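Worksheet for the structure shown next.
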Amino acid sequence: MTTEHPEPEILGVGDRQVARLHPLIFTTPEPEMPHHVRSELNTFLMVYKFGLAEIGTKINILAEELAHRGRGNPIEHISPRLKSLASITAKARRIGCPMTMDDLRSRIRDIAGIRIVCGFVPDVYTVARMLTQQPDIHLVTTKDYIAQPKENGYRSLHLIVEIPVFLSDQVVAVPVEVQLRTVAMDFWASLEHKIYYKHDADVPAPLRDELAAAAEDAARLDERMERLHQEIHGPRH
């Protein structure tokens, strides 16, 4: 199954532009499969689409409200994504997860995901706190790769949250992976992914070391920009 991502509508919010999430569109699964299987799969993924819409609305509300209050919008941009059937299948095989709806639901927690890119490191934690303190959001797990970067230099704050989706006959707690990072972290991660894409085994050790060093450079840039921000605007409260 492929998932189409329409171009997001861009909203002007204070001195930032925030992408409003449009509905994701499911296209016909490939290869062809029985109608009842396709219907069950579409229903399964549709709930995750709704979960993305719910959390996207919450993020847009936070951004607009903070800008309206004159505190500045800490969110530079957001990017939602829904795993394709191929990606879900590959991960299920990798972790030994049976291809049943119940097993996929319980063991693959990042079918729906959203990336929030902020200006500064403190903004990352501020947005994460504001989001997870909302009473209808349940924080499941936290992985702080900013405080403890991965060996390759990757930095980001990863949260798994559950958000309620109200269907016609039931309420479903939908897991969504939320990744929060700075512009500098996002720049490094995006280019690192392009360099490594389909060539993990072919990237020589010296280049891997250089990529890790570039991640350190990006981290130092974050620290420098935060210091300059504080010198101009004063300490954060």
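Letters A, B, ... go to the chains of the structure tokens in the order shown; residues in each chain start at 1; ligands are counted from 1 in the same order.
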Neighbouring residues of region 49-57 of chain A were defined as those with any atom within 6 Å, considering only C-alpha atoms; residues of the same chain fewer than 3 positions away were excluded. Please report them as a PyMOL selection string. chain A and resi 46+60+174
Using only C-alpha atoms, determine which residues lie at most 9 Å from Asp123 (chain A), disregarding the query and same-chain residues fewer than 4 positions distant; provide the list as a ChimeraX atom specification. /A:74-75,118-119,127-128,181-182
Quick check for you: according to DSSP on this backbone, which residues of region 51-207 of chain A are classed as helix (DSSP H, G or I)? Reply as a ChimeraX atom specification. /A:51-68,85-95,101-107,121-132,183-196,200-202,205-207
Do you know which residues are at most 10 Å from region 159-173 of chain A counting only C-alpha atoms, after dropping those on the same chain fewer than 4 positions away, and could you put them as a PyMOL selection string? chain A and resi 47-55+109-110+112-113+128+131-132+135-144+177-180
Leaving out Ala218 (chain A) and any residue of its chain fewer than 4 positions from it, which residues lie within 12 Å of it when counting only C-alpha atoms, given as a PyMOL selection string? chain A and resi 120-121+146+153-155+181-189+211-214+222-225
Region 117-192 of chain A: residues DSSP assigns to strand (DSSP E), reported as a VMD selection string: chain A and resid 117 to 118 138 to 144 157 to 166 171 to 182
Counting only C-alpha atoms, which of A:Tyr196, A:Gly70, A:Leu104, A:Pro122 gets nearest to Ala147 (chain A)?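 Among A:Tyr196, A:Gly70, A:Leu104, A:Pro122, it is A:Pro122 that comes nearest to Ala147 (chain A).
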CA of Gln134 (chain A) and CA of Gln230 (chain A) are how many Å apart? 28.2 Å
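Closest approach to Glu65 (chain A) from the set A:Asn152, A:Arg227, A:Lys194, A:Met130 is made by A:Met130, with distances taken over only C-alpha atoms.
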Would you compute the distance between CA of Ile111 (chain A) and CA of Val176 (chain A)? Give it in Å to one decimal.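 That distance, rounded to one decimal, is 7.2 Å.
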Of A:Ile108, A:Ile116, A:Ile195, A:Ala67, the one sitting nearest Lys91 (chain A) when using only C-alpha atoms is A:Ile108
Minimum-distance residue to Lys58 (chain A), chosen among A:Ser106, A:Ser84, A:Asn42, A:Gln133 (using only C-alpha atoms):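 Of all the options, A:Gln133 lies closest to Lys58 (chain A).
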